[in-house]
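Asks: Mind having a look at this structure? Questions to follow.
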Amino acid sequence: MEVHINLIVPQYVRGIVEGNGTPPDGKIWLTYSMNKEDMWVASVPVPVTSIVNEDVKDVFSKLPNGKELEFWNTYDLSWASAKIETKEGEKYLTLRDEDPFDYPRVERVIPFAEKMEASFTIKPEQDNHGMLQVEFQNKQGMPAIRFIFDSDGNLKHKAGYRLRNIMPYEAGKEYAIKISLNADSRSYTFSVNGGKEIRGIFFQPVDGISRIMFRTGEQRHYPNPDTPVDTPDYDDVPFTGVSIPEAVFNIKSLMTKKL
């Protein structure tokens, strides 16, 4: 009997072991292959923290240099980076994306809340290509609320299956979104730059919110356990060495308040 196993997971993980010495930053450093192809490196702060109790007050220009991302999880690629950048005297968490197949992603664990207020400020550098999605998720990563700076120049939010336009956005301008949510009633209200309050409904019920995530692309659901492994037309993805026009989104701040 011949058995084929398709593992879309980190493989051949190697890390710092006894005798290698202690990394200067005190983190665990791991290297692994993904899908037996790309080589990745991950740094893991220790002790590992999965729960935080203090409200988030991340205004990046006010945080100490080198400590801005201390409580953030980052997914940072060569063609899709997630780094702190300084622009016109302000510090931002900047997501750059010119990768046709992947995206940068950053995630902040927040105090678990059934009711909460949050605000974040985004400064896009273009309004005719690229995308930024902002999700409010539970502790398992299931999203309930999604805002989108879309490639057509419109700021949107997910209303059930459909997307609903909020307003056009412009390159180079800052957009401060303030939101108040209630997981029990599956409802939220929000405003942009202090404008009219808009009401929305969770597109997926969750017990509460534990994470806020920013990424420059659609959530990937492929491949999955039902994806065929051996197909006649299986081949390499075309144009893997060609980049796309870079899209840049700057995150100025993220604030949360548990109610």
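As shown in the structure tokens, the chain order sets the letters A, B, ...; within each chain, residues go from 1, and ligands are also counted from 1 in the order they appear.
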So that I can check the surroundings of Asp102 in chain A, please list as a ChimeraX atom specification every protein, DNA and RNA residue that reaches within 12 Å of it, counting only C-alpha atoms and ignoring chain neighbours fewer than 4 positions away.
Replies: /A:75-81,96-98,215-220,240,243-244
Asks: What would the file look like if the residues just selected were written as a compact mmCIF listing (two decimals), in the first residue's frame with C-alpha atoms?
Replies:
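Produced file selection-v4.txt, reproduced below:
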# COMPACT_ATOMS: atom_id res chain seq x y z
CA TYR A 75 4.74 37.72 10.31
CA ASP A 76 7.52 39.45 8.37
CA LEU A 77 8.69 38.43 4.87
CA SER A 78 11.30 39.63 2.39
CA TRP A 79 8.67 41.03 0.00
CA ALA A 80 6.04 41.66 2.66
CA SER A 81 7.55 43.30 5.72
CA ARG A 96 4.73 46.75 3.08
CA ASP A 97 3.51 44.22 0.53
CA GLU A 98 4.80 43.47 -2.97
CA ARG A 215 -2.88 41.91 7.42
CA THR A 216 -2.51 43.05 3.81
CA GLY A 217 -4.55 40.34 2.12
CA GLU A 218 -7.49 37.97 2.26
CA GLN A 219 -7.49 35.17 4.83
CA ARG A 220 -6.11 32.02 3.23
CA THR A 240 6.91 33.14 -8.70
CA SER A 243 6.63 41.12 -7.61
CA ILE A 244 3.48 43.23 -7.66
Asks: Which residue out of A:Asn182, A:Ser151, A:Asn73, A:Gln126 has the minimum interatomic distance to Leu259 in chain A when only C-alpha atoms are used?
Replies: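 Closest to Leu259 in chain A, using only C-alpha atoms: A:Asn182.
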Asks: Skip Val248 in chain A itself and residues of its chain fewer than 3 positions away, then list as an mmCIF file with N, CA, C and O atoms, in the first residue's frame all residues within 12 Å of it, counting only C-alpha atoms.
Replies:
data_model
loop_
_atom_site.group_PDB
_atom_site.id
_atom_site.type_symbol
_atom_site.label_atom_id
_atom_site.label_comp_id
_atom_site.auth_asym_id
_atom_site.auth_seq_id
_atom_site.Cartn_x
_atom_site.Cartn_y
_atom_site.Cartn_z
ATOM 1 N N TRP A 79 9.466 40.180 0.884
ATOM 2 C CA TRP A 79 8.672 41.034 0.000
ATOM 3 C C TRP A 79 7.389 41.518 0.669
ATOM 4 O O TRP A 79 6.552 42.134 0.018
ATOM 5 N N ALA A 80 7.247 41.271 1.937
ATOM 6 C CA ALA A 80 6.035 41.663 2.663
ATOM 7 C C ALA A 80 6.425 41.876 4.124
ATOM 8 O O ALA A 80 6.264 40.992 4.951
ATOM 9 N N SER A 81 6.929 43.063 4.422
ATOM 10 C CA SER A 81 7.549 43.301 5.721
ATOM 11 C C SER A 81 6.596 43.933 6.714
ATOM 12 O O SER A 81 5.613 44.583 6.347
ATOM 13 N N ALA A 82 6.920 43.752 7.985
ATOM 14 C CA ALA A 82 6.178 44.351 9.100
ATOM 15 C C ALA A 82 7.210 44.873 10.084
ATOM 16 O O ALA A 82 7.795 44.103 10.849
ATOM 17 N N LYS A 83 7.468 46.185 10.056
ATOM 18 C CA LYS A 83 8.538 46.775 10.858
ATOM 19 C C LYS A 83 8.149 48.166 11.343
ATOM 20 O O LYS A 83 7.268 48.808 10.767
ATOM 21 N N GLU A 85 8.814 51.944 11.364
ATOM 22 C CA GLU A 85 9.464 52.926 10.502
ATOM 23 C C GLU A 85 9.139 54.323 11.020
ATOM 24 O O GLU A 85 8.061 54.563 11.561
ATOM 25 N N TYR A 92 5.679 54.520 13.081
ATOM 26 C CA TYR A 92 4.542 53.705 12.673
ATOM 27 C C TYR A 92 4.954 52.242 12.652
ATOM 28 O O TYR A 92 6.123 51.913 12.416
ATOM 29 N N LEU A 93 3.988 51.365 12.855
ATOM 30 C CA LEU A 93 4.148 49.958 12.502
ATOM 31 C C LEU A 93 3.723 49.853 11.042
ATOM 32 O O LEU A 93 2.543 49.955 10.729
ATOM 33 N N THR A 94 4.696 49.693 10.156
ATOM 34 C CA THR A 94 4.460 49.786 8.718
ATOM 35 C C THR A 94 4.411 48.403 8.085
ATOM 36 O O THR A 94 5.332 47.593 8.273
ATOM 37 N N LEU A 95 3.338 48.144 7.340
ATOM 38 C CA LEU A 95 3.192 46.906 6.575
ATOM 39 C C LEU A 95 3.426 47.229 5.113
ATOM 40 O O LEU A 95 2.719 48.073 4.535
ATOM 41 N N ARG A 96 4.424 46.593 4.503
ATOM 42 C CA ARG A 96 4.728 46.751 3.083
ATOM 43 C C ARG A 96 4.479 45.427 2.376
ATOM 44 O O ARG A 96 4.885 44.371 2.873
ATOM 45 N N ASP A 97 3.866 45.464 1.212
ATOM 46 C CA ASP A 97 3.506 44.222 0.530
ATOM 47 C C ASP A 97 3.688 44.361 -0.974
ATOM 48 O O ASP A 97 3.001 45.143 -1.625
ATOM 49 N N GLU A 98 4.652 43.611 -1.517
ATOM 50 C CA GLU A 98 4.797 43.474 -2.965
ATOM 51 C C GLU A 98 4.898 42.002 -3.361
ATOM 52 O O GLU A 98 5.386 41.643 -4.415
ATOM 53 N N ASP A 99 4.388 41.137 -2.471
ATOM 54 C CA ASP A 99 4.418 39.694 -2.677
ATOM 55 C C ASP A 99 3.090 39.241 -3.272
ATOM 56 O O ASP A 99 2.038 39.449 -2.677
ATOM 57 N N TYR A 103 1.480 37.771 2.475
ATOM 58 C CA TYR A 103 1.249 39.101 3.024
ATOM 59 C C TYR A 103 1.899 39.191 4.403
ATOM 60 O O TYR A 103 2.116 38.178 5.079
ATOM 61 N N PRO A 104 2.221 40.408 4.861
ATOM 62 C CA PRO A 104 2.638 40.558 6.260
ATOM 63 C C PRO A 104 1.405 40.568 7.153
ATOM 64 O O PRO A 104 0.316 40.950 6.727
ATOM 65 N N ILE A 122 -4.881 54.479 10.962
ATOM 66 C CA ILE A 122 -4.199 53.943 9.788
ATOM 67 C C ILE A 122 -3.898 55.079 8.808
ATOM 68 O O ILE A 122 -4.742 55.938 8.562
ATOM 69 N N LYS A 123 -2.704 55.037 8.233
ATOM 70 C CA LYS A 123 -2.335 55.990 7.186
ATOM 71 C C LYS A 123 -1.904 55.196 5.946
ATOM 72 O O LYS A 123 -0.783 54.691 5.885
ATOM 73 N N PRO A 124 -2.784 55.049 4.955
ATOM 74 C CA PRO A 124 -2.412 54.332 3.726
ATOM 75 C C PRO A 124 -1.570 55.234 2.821
ATOM 76 O O PRO A 124 -1.770 56.449 2.789
ATOM 77 N N GLU A 125 -0.659 54.635 2.077
ATOM 78 C CA GLU A 125 0.173 55.415 1.159
ATOM 79 C C GLU A 125 -0.293 55.297 -0.286
ATOM 80 O O GLU A 125 0.358 55.817 -1.189
ATOM 81 N N GLN A 126 -1.418 54.640 -0.532
ATOM 82 C CA GLN A 126 -1.989 54.511 -1.860
ATOM 83 C C GLN A 126 -3.476 54.235 -1.687
ATOM 84 O O GLN A 126 -3.926 53.839 -0.616
ATOM 85 N N ASP A 127 -4.240 54.473 -2.745
ATOM 86 C CA ASP A 127 -5.678 54.200 -2.680
ATOM 87 C C ASP A 127 -6.186 53.507 -3.939
ATOM 88 O O ASP A 127 -7.394 53.441 -4.162
ATOM 89 N N ASN A 128 -5.273 52.975 -4.759
ATOM 90 C CA ASN A 128 -5.690 52.338 -6.018
ATOM 91 C C ASN A 128 -5.155 50.915 -6.177
ATOM 92 O O ASN A 128 -5.326 50.302 -7.225
ATOM 93 N N HIS A 129 -4.498 50.403 -5.156
ATOM 94 C CA HIS A 129 -4.095 48.996 -5.164
ATOM 95 C C HIS A 129 -3.731 48.598 -3.741
ATOM 96 O O HIS A 129 -3.569 49.441 -2.866
ATOM 97 N N GLY A 130 -3.628 47.304 -3.525
ATOM 98 C CA GLY A 130 -3.331 46.805 -2.194
ATOM 99 C C GLY A 130 -4.558 46.760 -1.303
ATOM 100 O O GLY A 130 -5.636 47.243 -1.657
ATOM 101 N N MET A 131 -4.393 46.183 -0.136
ATOM 102 C CA MET A 131 -5.505 45.975 0.793
ATOM 103 C C MET A 131 -4.972 45.859 2.208
ATOM 104 O O MET A 131 -3.895 45.301 2.434
ATOM 105 N N LEU A 132 -5.731 46.394 3.160
ATOM 106 C CA LEU A 132 -5.444 46.155 4.570
ATOM 107 C C LEU A 132 -6.725 45.684 5.238
ATOM 108 O O LEU A 132 -7.768 46.333 5.132
ATOM 109 N N PHE A 149 -9.459 48.393 4.184
ATOM 110 C CA PHE A 149 -9.033 49.441 3.265
ATOM 111 C C PHE A 149 -8.802 48.728 1.943
ATOM 112 O O PHE A 149 -7.758 48.104 1.728
ATOM 113 N N SER A 151 -8.742 47.761 -2.329
ATOM 114 C CA SER A 151 -7.953 48.202 -3.479
ATOM 115 C C SER A 151 -8.701 49.172 -4.380
ATOM 116 O O SER A 151 -8.086 49.814 -5.233
ATOM 117 N N ALA A 171 -4.894 58.394 -0.258
ATOM 118 C CA ALA A 171 -3.500 58.132 0.079
ATOM 119 C C ALA A 171 -2.934 59.301 0.866
ATOM 120 O O ALA A 171 -3.208 60.468 0.568
ATOM 121 N N GLY A 172 -2.149 58.982 1.898
ATOM 122 C CA GLY A 172 -1.464 60.012 2.659
ATOM 123 C C GLY A 172 -2.267 60.624 3.781
ATOM 124 O O GLY A 172 -1.747 61.473 4.515
ATOM 125 N N ARG A 215 -3.592 42.622 8.490
ATOM 126 C CA ARG A 215 -2.884 41.907 7.422
ATOM 127 C C ARG A 215 -3.224 42.555 6.083
ATOM 128 O O ARG A 215 -4.294 43.145 5.905
ATOM 129 N N THR A 216 -2.330 42.388 5.113
ATOM 130 C CA THR A 216 -2.506 43.048 3.812
ATOM 131 C C THR A 216 -3.025 42.089 2.751
ATOM 132 O O THR A 216 -2.555 42.090 1.611
ATOM 133 N N PRO A 245 3.020 45.670 -7.624
ATOM 134 C CA PRO A 245 3.236 47.025 -7.108
ATOM 135 C C PRO A 245 3.086 47.068 -5.588
ATOM 136 O O PRO A 245 2.120 46.535 -5.034
ATOM 137 N N ILE A 251 0.392 51.833 10.576
ATOM 138 C CA ILE A 251 -0.434 51.781 11.781
ATOM 139 C C ILE A 251 0.187 52.737 12.785
ATOM 140 O O ILE A 251 1.321 52.530 13.241
#
Asks: Which of these residues is nearest to Pro100 in chain A, using only C-alpha atoms: A:Ala247, A:Ile177, A:Leu30, A:Met255?
Replies: A:Ala247
Asks: Neighbours of Gly160 in chain A within 8 Å (only C-alpha atoms; same-chain residues fewer than 6 positions away dropped), as a PyMOL selection string?
Replies: chain A and resi 201-204
Asks: Save the residues we just selected, C-alpha atoms, as a PDB file, in the first residue's frame?
Replies:
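part_2.pdb was written with the following content:
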ATOM      1  CA  ILE A 201     -23.448  43.126  13.507  1.00  0.00           C
ATOM      2  CA  PHE A 202     -20.779  40.475  14.126  1.00  0.00           C
ATOM      3  CA  PHE A 203     -20.490  38.360  10.972  1.00  0.00           C
ATOM      4  CA  GLN A 204     -19.631  35.393  13.205  1.00  0.00           C
TER       5      GLN A 204
END
